[in-house]
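Reproduced below: structure-v6.tsv, with TSV, C-alpha atoms.
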chain	number	residue	atom	x	y	z
A	23	MET	CA	59.43	77.48	68.69
A	24	SER	CA	60.13	78.71	72.19
A	25	GLU	CA	62.47	76.76	74.44
A	26	ASP	CA	61.70	75.53	77.95
A	27	PRO	CA	63.38	78.18	80.18
A	28	ALA	CA	64.28	75.43	82.64
A	29	SER	CA	66.15	73.39	80.08
A	30	LEU	CA	69.92	73.16	80.37
A	31	HIS	CA	70.41	74.61	76.91
A	32	HIS	CA	68.28	77.62	77.77
A	33	ARG	CA	70.09	78.21	81.05
A	34	ILE	CA	73.45	78.05	79.28
A	35	LYS	CA	72.28	80.68	76.81
A	36	SER	CA	70.99	82.87	79.62
A	37	VAL	CA	74.33	82.67	81.40
A	38	MET	CA	76.13	83.51	78.15
A	39	ILE	CA	73.89	86.52	77.56
A	40	ASP	CA	74.26	87.81	81.11
A	41	GLU	CA	77.97	87.19	81.51
A	42	LEU	CA	79.06	88.26	78.03
A	43	MET	CA	76.60	91.13	77.79
A	44	LEU	CA	75.23	89.83	74.51
A	45	GLN	CA	72.38	91.66	72.82
A	46	GLU	CA	70.71	88.44	71.61
A	47	SER	CA	67.81	86.65	73.31
A	48	PRO	CA	68.12	82.93	74.12
A	49	GLU	CA	65.80	82.14	71.21
A	50	GLU	CA	68.17	83.85	68.80
A	51	ILE	CA	71.03	81.53	69.68
A	52	SER	CA	70.71	78.10	68.13
A	53	ASP	CA	72.09	75.04	69.87
A	54	ASP	CA	74.57	74.20	67.11
A	55	GLU	CA	75.62	77.72	66.19
A	56	PRO	CA	79.40	78.16	66.43
A	57	LEU	CA	80.22	80.51	69.30
A	58	PHE	CA	83.41	81.79	67.75
A	59	GLY	CA	84.28	83.09	64.30
A	60	PRO	CA	82.41	85.12	61.71
A	61	GLU	CA	80.04	82.26	60.82
A	62	GLY	CA	78.56	82.18	64.29
A	63	LEU	CA	78.04	84.32	67.32
A	64	GLY	CA	81.40	86.05	66.82
A	65	LEU	CA	82.72	85.69	70.35
A	66	ASP	CA	86.41	86.42	70.95
A	67	SER	CA	89.12	85.13	73.29
A	68	VAL	CA	88.10	87.55	76.05
A	69	ASP	CA	84.57	86.15	75.89
A	70	ALA	CA	86.02	82.63	76.03
A	71	LEU	CA	87.86	83.35	79.28
A	72	GLN	CA	84.80	84.97	80.84
A	73	LEU	CA	82.68	82.03	79.68
A	74	VAL	CA	85.06	79.51	81.25
A	75	VAL	CA	84.83	81.36	84.57
A	76	ALA	CA	81.03	81.69	84.27
A	77	LEU	CA	80.46	78.01	83.45
A	78	GLU	CA	82.47	76.99	86.49
A	79	LYS	CA	80.58	79.44	88.71
A	80	ASN	CA	77.11	78.56	87.42
A	81	PHE	CA	77.38	74.89	86.51
A	82	GLY	CA	80.48	73.69	88.35
A	83	LEU	CA	82.07	72.87	85.01
A	84	LYS	CA	85.85	72.82	85.28
A	85	ILE	CA	87.62	73.11	81.95
A	86	ALA	CA	91.13	71.79	82.25
A	87	ASP	CA	93.01	73.83	79.67
A	88	ALA	CA	92.82	75.81	76.46
A	89	GLU	CA	92.76	72.66	74.32
A	90	ALA	CA	89.78	71.26	76.22
A	91	ALA	CA	88.08	74.66	76.03
A	92	LYS	CA	88.22	74.60	72.23
A	93	GLY	CA	86.06	71.49	72.14
A	94	VAL	CA	83.71	72.36	74.98
A	95	LEU	CA	83.04	75.90	73.83
A	96	ALA	CA	82.26	75.00	70.21
A	97	ASN	CA	78.53	75.59	70.63
A	98	VAL	CA	75.72	75.34	73.19
A	99	ASN	CA	75.29	71.62	72.52
A	100	SER	CA	78.92	70.87	73.33
A	101	ILE	CA	78.74	72.92	76.53
A	102	ALA	CA	75.60	71.04	77.59
A	103	GLU	CA	77.27	67.69	76.88
A	104	ALA	CA	80.28	68.65	78.99
A	105	ILE	CA	78.05	69.75	81.89
A	106	GLU	CA	75.99	66.56	81.70
A	107	SER	CA	79.06	64.34	81.57
A	108	GLY	CA	80.41	66.25	84.58
A	109	SER	CA	83.84	67.08	83.23
A	110	ALA	CA	85.73	68.56	80.34
B	6	MET	CA	82.34	95.00	103.22
B	7	ARG	CA	84.77	95.93	100.44
B	8	THR	CA	88.20	94.35	100.69
B	9	ILE	CA	91.18	96.30	99.38
B	10	LEU	CA	94.67	94.84	99.00
B	11	ILE	CA	97.52	97.36	98.88
B	12	THR	CA	101.11	96.31	98.21
B	13	GLY	CA	104.05	98.27	99.52
B	14	ALA	CA	101.82	99.25	102.40
B	15	ASN	CA	104.62	100.06	104.81
B	16	GLY	CA	105.86	102.99	102.72
B	17	GLY	CA	104.63	106.55	102.78
B	18	LEU	CA	102.41	106.31	99.72
B	19	GLY	CA	101.05	102.88	100.65
B	20	GLN	CA	100.19	104.18	104.11
B	21	ALA	CA	98.40	107.20	102.66
B	22	ILE	CA	96.43	104.99	100.27
B	23	ALA	CA	95.42	102.66	103.09
B	24	ARG	CA	94.32	105.61	105.24
B	25	ALA	CA	92.31	107.05	102.36
B	26	PHE	CA	90.31	103.84	102.06
B	27	LEU	CA	89.88	103.52	105.82
B	28	HIS	CA	88.61	107.10	106.03
B	29	GLU	CA	86.37	106.70	103.00
B	30	SER	CA	84.00	104.24	104.63
B	31	THR	CA	83.67	102.03	107.66
B	32	GLU	CA	82.64	99.39	105.12
B	33	ASN	CA	86.18	99.28	103.73
B	34	ARG	CA	88.64	96.66	104.93
B	35	VAL	CA	92.28	97.04	103.94
B	36	VAL	CA	94.85	94.30	103.66
B	37	LEU	CA	98.34	95.74	103.95
B	38	GLY	CA	100.86	93.81	101.89
B	39	VAL	CA	104.39	94.25	103.20
B	40	ARG	CA	107.81	92.77	102.55
B	41	SER	CA	110.55	93.03	105.18
B	42	ASN	CA	109.69	96.32	106.90
B	43	ARG	CA	106.27	96.33	108.51
B	44	GLU	CA	106.42	98.62	111.56
B	45	ASP	CA	104.20	101.36	110.16
B	46	ALA	CA	101.75	98.87	108.66
B	47	ASP	CA	101.51	97.12	112.02
B	48	VAL	CA	100.73	100.44	113.73
B	49	LEU	CA	98.03	101.24	111.18
B	50	ALA	CA	96.53	97.78	111.58
B	51	ALA	CA	96.55	98.13	115.37
B	52	GLU	CA	94.75	101.47	115.11
B	53	ASN	CA	92.08	99.87	112.92
B	54	ALA	CA	92.08	96.36	114.30
B	55	ASP	CA	88.70	95.34	112.92
B	56	ARG	CA	89.27	96.75	109.43
B	57	ALA	CA	92.97	96.44	108.69
B	58	GLU	CA	95.40	93.54	108.65
B	59	VAL	CA	98.99	93.04	107.61
B	60	VAL	CA	100.10	90.21	105.33
B	61	SER	CA	103.59	89.28	104.26
B	62	LEU	CA	103.75	89.47	100.46
B	63	GLU	CA	106.86	89.18	98.32
B	64	VAL	CA	105.39	90.73	95.19
B	65	THR	CA	107.93	89.15	92.85
B	66	ASP	CA	106.85	85.65	93.89
B	67	PRO	CA	103.74	84.28	92.11
B	68	ALA	CA	103.26	81.60	94.80
B	69	ALA	CA	103.15	84.29	97.49
B	70	TRP	CA	100.45	86.09	95.53
B	71	GLU	CA	98.39	82.92	95.20
B	72	SER	CA	98.67	82.28	98.92
B	73	VAL	CA	97.75	85.83	99.94
B	74	VAL	CA	94.80	86.10	97.53
B	75	SER	CA	93.37	82.70	98.47
B	76	GLY	CA	93.80	83.62	102.14
B	77	ILE	CA	91.84	86.85	101.63
B	78	LEU	CA	89.09	84.98	99.78
B	79	ASP	CA	88.92	82.37	102.56
B	80	ARG	CA	88.79	84.95	105.35
B	81	HIS	CA	86.65	87.64	103.76
B	82	GLY	CA	84.95	85.99	100.80
B	83	ARG	CA	85.88	88.74	98.36
B	84	LEU	CA	88.63	90.93	96.99
B	85	ASP	CA	87.31	94.13	95.46
B	86	VAL	CA	90.36	96.28	94.88
B	87	LEU	CA	94.03	95.65	94.20
B	88	VAL	CA	96.46	98.56	94.41
B	89	ASN	CA	99.84	97.59	93.00
B	90	ASN	CA	101.94	100.13	94.83
B	91	ALA	CA	105.13	98.27	95.77
B	92	GLY	CA	108.25	99.21	93.89
B	93	PHE	CA	111.64	100.83	94.10
B	94	HIS	CA	114.25	102.41	91.90
B	95	ARG	CA	117.98	101.92	91.62
B	96	ASP	CA	119.29	104.60	89.33
B	97	GLY	CA	122.41	104.55	87.19
B	98	LEU	CA	123.59	105.09	83.67
B	99	LEU	CA	122.84	102.20	81.36
B	100	ALA	CA	126.47	101.96	80.21
B	101	THR	CA	127.52	100.84	83.66
B	102	MET	CA	124.30	99.43	85.06
B	103	PRO	CA	124.81	96.03	86.68
B	104	ARG	CA	122.47	93.46	85.17
B	105	LYS	CA	121.05	92.79	88.65
B	106	ASP	CA	119.89	96.41	88.88
B	107	TRP	CA	118.02	96.03	85.62
B	108	ASP	CA	116.48	92.70	86.64
B	109	SER	CA	115.54	93.62	90.21
B	110	VAL	CA	113.92	96.92	89.23
B	111	ARG	CA	111.98	95.24	86.42
B	112	ASP	CA	110.98	92.36	88.72
B	113	ALA	CA	109.69	94.62	91.49
B	114	ASN	CA	108.01	97.24	89.35
B	115	LEU	CA	106.68	95.37	86.31
B	116	ASP	CA	106.73	91.60	86.83
B	117	ALA	CA	105.15	92.08	90.25
B	118	VAL	CA	102.21	93.89	88.67
B	119	PHE	CA	101.78	91.00	86.24
B	120	HIS	CA	101.79	88.47	89.10
B	121	GLY	CA	99.35	90.53	91.14
B	122	CYS	CA	96.91	91.05	88.32
B	123	GLN	CA	97.07	87.38	87.39
B	124	ALA	CA	96.33	86.32	90.96
B	125	VAL	CA	93.22	88.49	91.32
B	126	ILE	CA	91.74	88.45	87.85
B	127	LYS	CA	89.77	85.20	87.94
B	128	PRO	CA	88.16	85.83	91.33
B	129	MET	CA	87.22	89.30	90.09
B	130	MET	CA	85.87	87.87	86.83
B	131	SER	CA	83.82	85.39	88.77
B	132	ARG	CA	82.22	88.22	90.77
B	133	ARG	CA	82.02	90.36	87.62
B	134	SER	CA	83.43	93.24	89.55
B	135	GLY	CA	86.83	94.56	90.52
B	136	ARG	CA	89.17	97.51	90.51
B	137	ILE	CA	92.89	97.43	89.85
B	138	VAL	CA	94.96	100.57	90.28
B	139	ASN	CA	98.61	100.35	89.28
B	140	ILE	CA	101.05	102.90	90.60
B	141	SER	CA	103.29	103.82	87.70
B	142	SER	CA	105.45	106.94	87.76
B	143	LEU	CA	106.03	110.21	86.00
B	144	SER	CA	109.36	108.63	85.06
B	145	ALA	CA	107.45	106.41	82.64
B	146	LEU	CA	106.39	109.51	80.72
B	147	LEU	CA	109.48	111.72	81.23
B	148	ALA	CA	112.08	108.95	80.88
B	149	PRO	CA	114.80	110.79	82.81
B	150	MET	CA	118.42	109.86	82.31
B	151	GLY	CA	119.73	107.42	84.88
B	152	GLN	CA	116.42	105.58	85.02
B	153	THR	CA	116.40	103.30	81.98
B	154	ASN	CA	115.43	100.40	84.22
B	155	TYR	CA	112.80	102.19	86.29
B	156	ALA	CA	111.33	104.23	83.43
B	157	ALA	CA	111.06	101.17	81.19
B	158	ALA	CA	109.44	99.11	83.93
B	159	LYS	CA	106.96	101.85	84.83
B	160	ALA	CA	106.17	102.47	81.15
B	161	GLY	CA	105.54	98.75	80.92
B	162	VAL	CA	103.03	99.10	83.74
B	163	ILE	CA	101.11	101.68	81.71
B	164	ALA	CA	101.02	99.43	78.64
B	165	LEU	CA	100.01	96.43	80.77
B	166	THR	CA	97.26	98.55	82.31
B	167	GLN	CA	95.88	99.61	78.94
B	168	SER	CA	95.99	96.12	77.49
B	169	LEU	CA	94.49	94.41	80.54
B	170	ALA	CA	91.76	97.06	80.71
B	171	LYS	CA	90.57	95.91	77.30
B	172	GLU	CA	90.71	92.26	78.31
B	173	THR	CA	88.63	92.79	81.45
B	174	ALA	CA	86.25	95.57	80.37
B	175	ARG	CA	83.35	93.21	79.82
B	176	SER	CA	83.91	91.52	83.15
B	177	GLY	CA	83.10	94.58	85.24
B	178	ILE	CA	86.75	95.09	86.11
B	179	THR	CA	88.54	98.39	85.57
B	180	VAL	CA	92.30	98.73	85.38
B	181	ASN	CA	93.93	102.13	85.65
B	182	ALA	CA	97.33	103.64	86.34
B	183	VAL	CA	98.47	106.71	88.17
B	184	CYS	CA	101.78	108.45	87.60
B	185	PRO	CA	102.93	110.38	90.65
B	186	GLY	CA	105.61	113.00	90.13
B	187	PHE	CA	107.73	114.15	93.06
B	188	VAL	CA	105.83	113.11	96.15
B	189	ASP	CA	107.03	113.91	99.64
B	190	THR	CA	107.62	110.38	100.91
B	191	ASP	CA	110.56	108.36	102.21
B	192	GLY	CA	112.06	108.40	98.73
B	193	LEU	CA	112.68	112.14	98.93
B	194	ALA	CA	113.92	112.03	102.51
B	195	ASP	CA	117.41	110.98	101.43
B	196	VAL	CA	117.73	113.67	98.78
B	197	ASP	CA	120.23	116.43	99.51
B	198	PRO	CA	118.49	119.73	100.51
B	199	GLU	CA	120.11	121.68	97.66
B	200	ARG	CA	119.02	119.05	95.17
B	201	LYS	CA	115.52	119.23	96.64
B	202	LYS	CA	115.43	122.98	96.06
B	203	ALA	CA	116.48	122.45	92.47
B	204	LEU	CA	113.81	119.79	92.03
B	205	VAL	CA	111.08	122.05	93.37
B	206	ARG	CA	112.04	124.69	90.83
B	207	THR	CA	111.18	122.23	88.04
B	208	ILE	CA	107.63	121.87	89.35
B	209	PRO	CA	105.18	124.52	88.10
B	210	MET	CA	103.30	124.37	91.42
B	211	ARG	CA	106.63	124.91	93.25
B	212	ARG	CA	105.99	122.21	95.80
B	213	PHE	CA	106.20	118.45	96.15
B	214	GLY	CA	103.01	116.44	96.07
B	215	LYS	CA	101.56	115.04	99.25
B	216	PRO	CA	100.99	111.29	99.50
B	217	GLU	CA	97.36	112.08	100.37
B	218	GLU	CA	96.94	113.81	97.01
B	219	VAL	CA	97.96	110.66	95.17
B	220	ALA	CA	95.92	108.49	97.51
B	221	ALA	CA	92.78	110.51	96.76
B	222	ALA	CA	93.11	109.73	93.05
B	223	VAL	CA	93.66	106.04	93.76
B	224	ARG	CA	90.59	105.94	95.98
B	225	PHE	CA	88.54	107.67	93.27
B	226	LEU	CA	89.66	105.24	90.55
B	227	ALA	CA	88.78	102.36	92.87
B	228	GLY	CA	85.30	103.71	93.53
B	229	GLU	CA	81.91	103.19	92.00
B	230	GLU	CA	81.92	106.67	90.46
B	231	ALA	CA	84.87	105.71	88.26
B	232	ALA	CA	83.02	102.76	86.74
B	233	TYR	CA	83.45	103.98	83.15
B	234	ILE	CA	87.14	104.84	83.49
B	235	THR	CA	89.42	102.02	82.43
B	236	GLY	CA	92.82	101.89	80.76
B	237	ALA	CA	93.46	105.46	81.89
B	238	THR	CA	96.76	106.94	83.02
B	239	LEU	CA	96.43	109.81	85.44
B	240	LYS	CA	99.51	111.91	86.10
B	241	ILE	CA	99.69	113.66	89.46
B	242	ASP	CA	102.69	115.92	89.18
B	243	GLY	CA	101.92	119.55	89.97
B	244	GLY	CA	102.01	120.37	86.27
B	245	ILE	CA	105.48	119.11	85.30
B	246	LEU	CA	104.34	117.38	82.12

Let me see the structure of the file written as C-alpha cells.
Amino acid sequence: MSEDPASLHHRIKSVMIDELMLQESPEEISDDEPLFGPEGLGLDSVDALQLVVALEKNFGLKIADAEAAKGVLANVNSIAEAIESGSA
Amino acid sequence: MRTILITGANGGLGQAIARAFLHESTENRVVLGVRSNREDADVLAAENADRAEVVSLEVTDPAAWESVVSGILDRHGRLDVLVNNAGFHRDGLLATMPRKDWDSVRDANLDAVFHGCQAVIKPMMSRRSGRIVNISSLSALLAPMGQTNYAAAKAGVIALTQSLAKETARSGITVNAVCPGFVDTDGLADVDPERKKALVRTIPMRRFGKPEEVAAAVRFLAGEEAAYITGATLKIDGGIL
C-alpha cells in the first residue's frame, strides 16, 4: 500500500532519508519500526543528533534534551505525535 | 557569500590564512577573531571593508564563542568555515613546569578548539555543510622535549579532529588538521639568530616555511575540492618528519 506523500508520516520519512542519507524508500520504513538498534532501522547516535537538528529545521520540533529524544525518536509514529502536539 | 571565521587572526599565520581566503574569491567574507592585539587585523579589515570584519573572541570562553557565532549568523545568515588557529606555547621541562603553564597552554590550544567546534557544529549540521580546519603543530607528531604541554594539547587537537570527523561525516561537514613545522612568523622573530641557523639545518628543505604555504593548505581543505577529505592530518614541514 503506498502512502500519501503529503502525509506527515511520509514527510518525516523523506526528511530522515534525505538528512541521514538512508538507502531505503519511504515505503520501506514502517511507522512503528524502531529507529535504533539491530531490530529496526539501525540508526546510531550520530544519526540521532542529525535527526534532532533536521526535525527542528523542517518541522520546528524542539527536543529539550537527550531523555526527551529517547522517547520522541523511538519510531516515526512517536515523531509524528511530538510534531502534532507541538513540543517534546 | 561564504563566511569564514579565523581565530588568532592578528598573528602572522592567521593573517596569511585570511588573505588566502580574500584572494581566493570575492565571494569570500572573513571574520577575524582576535584577543587583545588587533592592529594588523584592523588594517586587513580596513583594506577589505566590505568583506572582512574584526570580532573580539576569547577562544577559551564558551560564552564568547556563542556570542560571536550567533552574531555572525544574525549578520550574514551562514558560517561556512571555521579555522581554529589561535594558540600559543610556553615551553619548559615538565619537572619544573608551573601548573598554570600546563593549564593555560591546554586551554588555549585544545579546550578552545572544543569550544569552537561545539559552537559551530549545530548551525553547520542544520545547513548540512561546513568545513573545520584545526591548526595543530608538528610538535604534536615530534613531541620535542620542553613541550609536554604544547605537544600534548596539539596531539589532542589531532585526535579531536579525527573523532569529530567521524561524528560529522554524514552531515556534510569535514574536519581536518594541519601541522605546520617551523614557519616564519612572529613566533620565530624572537629566536636567537644562531639558534635559527641550527633550526634550519634540521629542515631537509633548508628553509623555514612561509605562512602563505600553510594558508594555501588551509584554503584547500576548506574548499569544495576537498569534499572527500575528512579526519586528515596534513603536515607542512619542509620534510622534517

Just need the residues of chain B within 10 Å of chain A, counting all atoms listed in the file, so spit them out as a PDB file with C-alpha atoms, keeping the file's coordinate frame.
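Wrote result_15.pdb, looks like this:
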ATOM      1  CA  LYS B 127      89.770  85.200  87.940  1.00  0.00           C
ATOM      2  CA  PRO B 128      88.160  85.830  91.330  1.00  0.00           C
ATOM      3  CA  MET B 129      87.220  89.300  90.090  1.00  0.00           C
ATOM      4  CA  MET B 130      85.870  87.870  86.830  1.00  0.00           C
ATOM      5  CA  SER B 131      83.820  85.390  88.770  1.00  0.00           C
ATOM      6  CA  ARG B 132      82.220  88.220  90.770  1.00  0.00           C
ATOM      7  CA  ARG B 133      82.020  90.360  87.620  1.00  0.00           C
ATOM      8  CA  LYS B 171      90.570  95.910  77.300  1.00  0.00           C
ATOM      9  CA  GLU B 172      90.710  92.260  78.310  1.00  0.00           C
ATOM     10  CA  THR B 173      88.630  92.790  81.450  1.00  0.00           C
ATOM     11  CA  ALA B 174      86.250  95.570  80.370  1.00  0.00           C
ATOM     12  CA  ARG B 175      83.350  93.210  79.820  1.00  0.00           C
ATOM     13  CA  SER B 176      83.910  91.520  83.150  1.00  0.00           C
ATOM     14  CA  GLY B 177      83.100  94.580  85.240  1.00  0.00           C
TER      15      GLY B 177
END

Test item: residues at most 12 Å from Arg33 (chain A), all atoms listed in the file, excluding those fewer than 5 positions along its chain, as a ChimeraX atom specification: /A:25-28,38-41,47-49,51,53,76-77,80-81,98-99,101-102,105

Best match for closeness to His31 (chain A) among A:Ser52, A:Lys92, A:Gly108, A:Ala86, counting all atoms listed in the file:
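Of A:Ser52, A:Lys92, A:Gly108, A:Ala86, the one nearest His31 (chain A) is A:Ser52, counting all atoms listed in the file.
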
Determine, counting only C-alpha atoms, every residue of protein, DNA or RNA that lies within 7 Å of (103.2, 118.1, 88.0) in the file coordinates, then give the result as a list in words.
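Nearby residues: Gly186, Ile208, Pro209, Ile241, Asp242, Gly243, Gly244, Ile245 and Leu246 of chain B.
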
List the spatial neighbours of Tyr233 (chain B) as a ChimeraX atom specification - criterion: any atom at most 10 Å away, all atoms listed in the file, same-chain residues fewer than 2 positions off excluded.
/B:174,177-179,226,229-231,235-236

Could you put an axis-aligned box around every listed atom of region 154-157 of chain B, padded by 4 Å on each side, and send me its centre and edge lengths in Å to one decimal, as AutoDock Vina command-line options?
--center_x 113.2 --center_y 102.3 --center_z 83.7 --size_x 12.4 --size_y 11.8 --size_z 13.1

Could you give me, as an MDAnalysis selection string, the residues that have an atom at most 12 Å away from the point (89.6, 104.7, 93.3) in the coordinates of the file, using all atoms listed in the file? chainID B and resid 9 22:23 25:26 29 85:88 135:140 179:183 219:235 239

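For the atom pair formed by CA of Leu30 (chain A) and CA of Gln45 (chain A), the distance is 20.1 Å, given to one decimal.
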
query: When you draw a straight line from CA of Gly151 (chain B) to CA of Trp107 (chain B), how long is it in Å?
result: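 Taking CA of Gly151 (chain B) as the start and CA of Trp107 (chain B) as the end point, the length is 11.5 Å.
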
Which residue of A:Ala104, A:Ala70, A:Leu44, A:Ala96 approaches Lys84 (chain A) most closely, using only C-alpha atoms: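 Checking each of A:Ala104, A:Ala70, A:Leu44, A:Ala96 against Lys84 (chain A), counting only C-alpha atoms, the winner is A:Ala104.
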
In Å and to one decimal, CA of Ile163 (chain B) is distant from CA of Thr65 (chain B) by 18.1 Å

Compile the contact shell of Cys122 (chain B) as a PDB file with C-alpha atoms, in the frame of the given file: residues with an atom at most 9 Å away, counting all atoms listed in the file, same-chain residues fewer than 3 positions apart removed.
ATOM      1  CA  LEU B  87      94.030  95.650  94.200  1.00  0.00           C
ATOM      2  CA  ASN B  89      99.840  97.590  93.000  1.00  0.00           C
ATOM      3  CA  ALA B 117     105.150  92.080  90.250  1.00  0.00           C
ATOM      4  CA  VAL B 118     102.210  93.890  88.670  1.00  0.00           C
ATOM      5  CA  PHE B 119     101.780  91.000  86.240  1.00  0.00           C
ATOM      6  CA  VAL B 125      93.220  88.490  91.320  1.00  0.00           C
ATOM      7  CA  ILE B 126      91.740  88.450  87.850  1.00  0.00           C
ATOM      8  CA  ILE B 137      92.890  97.430  89.850  1.00  0.00           C
ATOM      9  CA  LEU B 169      94.490  94.410  80.540  1.00  0.00           C
TER      10      LEU B 169
END

Write out as a ChimeraX atom specification each polymer residue whose atoms come within 7 Å of Arg34 (chain B), counting all atoms listed in the file; drop sequence neighbours fewer than 5 positions from it.
-> /B:6-9,56-57

| said: Under the rule that only C-alpha atoms are counted, which of B:Arg40, B:Arg95, B:His81, B:Lys105 is the nearest residue to Leu62 (chain B)? | reply: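 When distances to Leu62 (chain B) are compared using only C-alpha atoms, the smallest one comes from B:Arg40.
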
Output region 116-130 of chain B with N, CA and C atoms present, as an mmCIF file, keeping the file's coordinate frame.
data_model
loop_
_atom_site.group_PDB
_atom_site.id
_atom_site.type_symbol
_atom_site.label_atom_id
_atom_site.label_comp_id
_atom_site.auth_asym_id
_atom_site.auth_seq_id
_atom_site.Cartn_x
_atom_site.Cartn_y
_atom_site.Cartn_z
ATOM 1 N N ASP B 116 107.132 93.006 86.686
ATOM 2 C CA ASP B 116 106.730 91.600 86.830
ATOM 3 C C ASP B 116 105.774 91.433 88.006
ATOM 4 N N ALA B 117 106.009 92.180 89.067
ATOM 5 C CA ALA B 117 105.150 92.080 90.250
ATOM 6 C C ALA B 117 103.710 92.477 89.926
ATOM 7 N N VAL B 118 103.558 93.457 89.058
ATOM 8 C CA VAL B 118 102.210 93.890 88.670
ATOM 9 C C VAL B 118 101.534 92.782 87.851
ATOM 10 N N PHE B 119 102.299 92.149 86.989
ATOM 11 C CA PHE B 119 101.780 91.000 86.240
ATOM 12 C C PHE B 119 101.305 89.904 87.192
ATOM 13 N N HIS B 120 102.164 89.540 88.152
ATOM 14 C CA HIS B 120 101.790 88.470 89.100
ATOM 15 C C HIS B 120 100.540 88.847 89.885
ATOM 16 N N GLY B 121 100.493 90.086 90.337
ATOM 17 C CA GLY B 121 99.350 90.530 91.140
ATOM 18 C C GLY B 121 98.061 90.500 90.350
ATOM 19 N N CYS B 122 98.119 91.030 89.149
ATOM 20 C CA CYS B 122 96.910 91.050 88.320
ATOM 21 C C CYS B 122 96.469 89.622 88.008
ATOM 22 N N GLN B 123 97.428 88.750 87.716
ATOM 23 C CA GLN B 123 97.070 87.380 87.390
ATOM 24 C C GLN B 123 96.417 86.668 88.572
ATOM 25 N N ALA B 124 96.879 86.992 89.768
ATOM 26 C CA ALA B 124 96.330 86.320 90.960
ATOM 27 C C ALA B 124 94.899 86.754 91.258
ATOM 28 N N VAL B 125 94.552 87.994 90.923
ATOM 29 C CA VAL B 125 93.220 88.490 91.320
ATOM 30 C C VAL B 125 92.190 88.423 90.187
ATOM 31 N N ILE B 126 92.638 88.204 88.969
ATOM 32 C CA ILE B 126 91.740 88.450 87.850
ATOM 33 C C ILE B 126 90.586 87.437 87.784
ATOM 34 N N LYS B 127 90.872 86.178 88.029
ATOM 35 C CA LYS B 127 89.770 85.200 87.940
ATOM 36 C C LYS B 127 88.738 85.364 89.047
ATOM 37 N N PRO B 128 89.178 85.543 90.301
ATOM 38 C CA PRO B 128 88.160 85.830 91.330
ATOM 39 C C PRO B 128 87.335 87.071 91.002
ATOM 40 N N MET B 129 87.972 88.086 90.454
ATOM 41 C CA MET B 129 87.220 89.300 90.090
ATOM 42 C C MET B 129 86.275 89.016 88.922
ATOM 43 N N MET B 130 86.745 88.231 87.963
ATOM 44 C CA MET B 130 85.870 87.870 86.830
ATOM 45 C C MET B 130 84.668 87.086 87.317
#
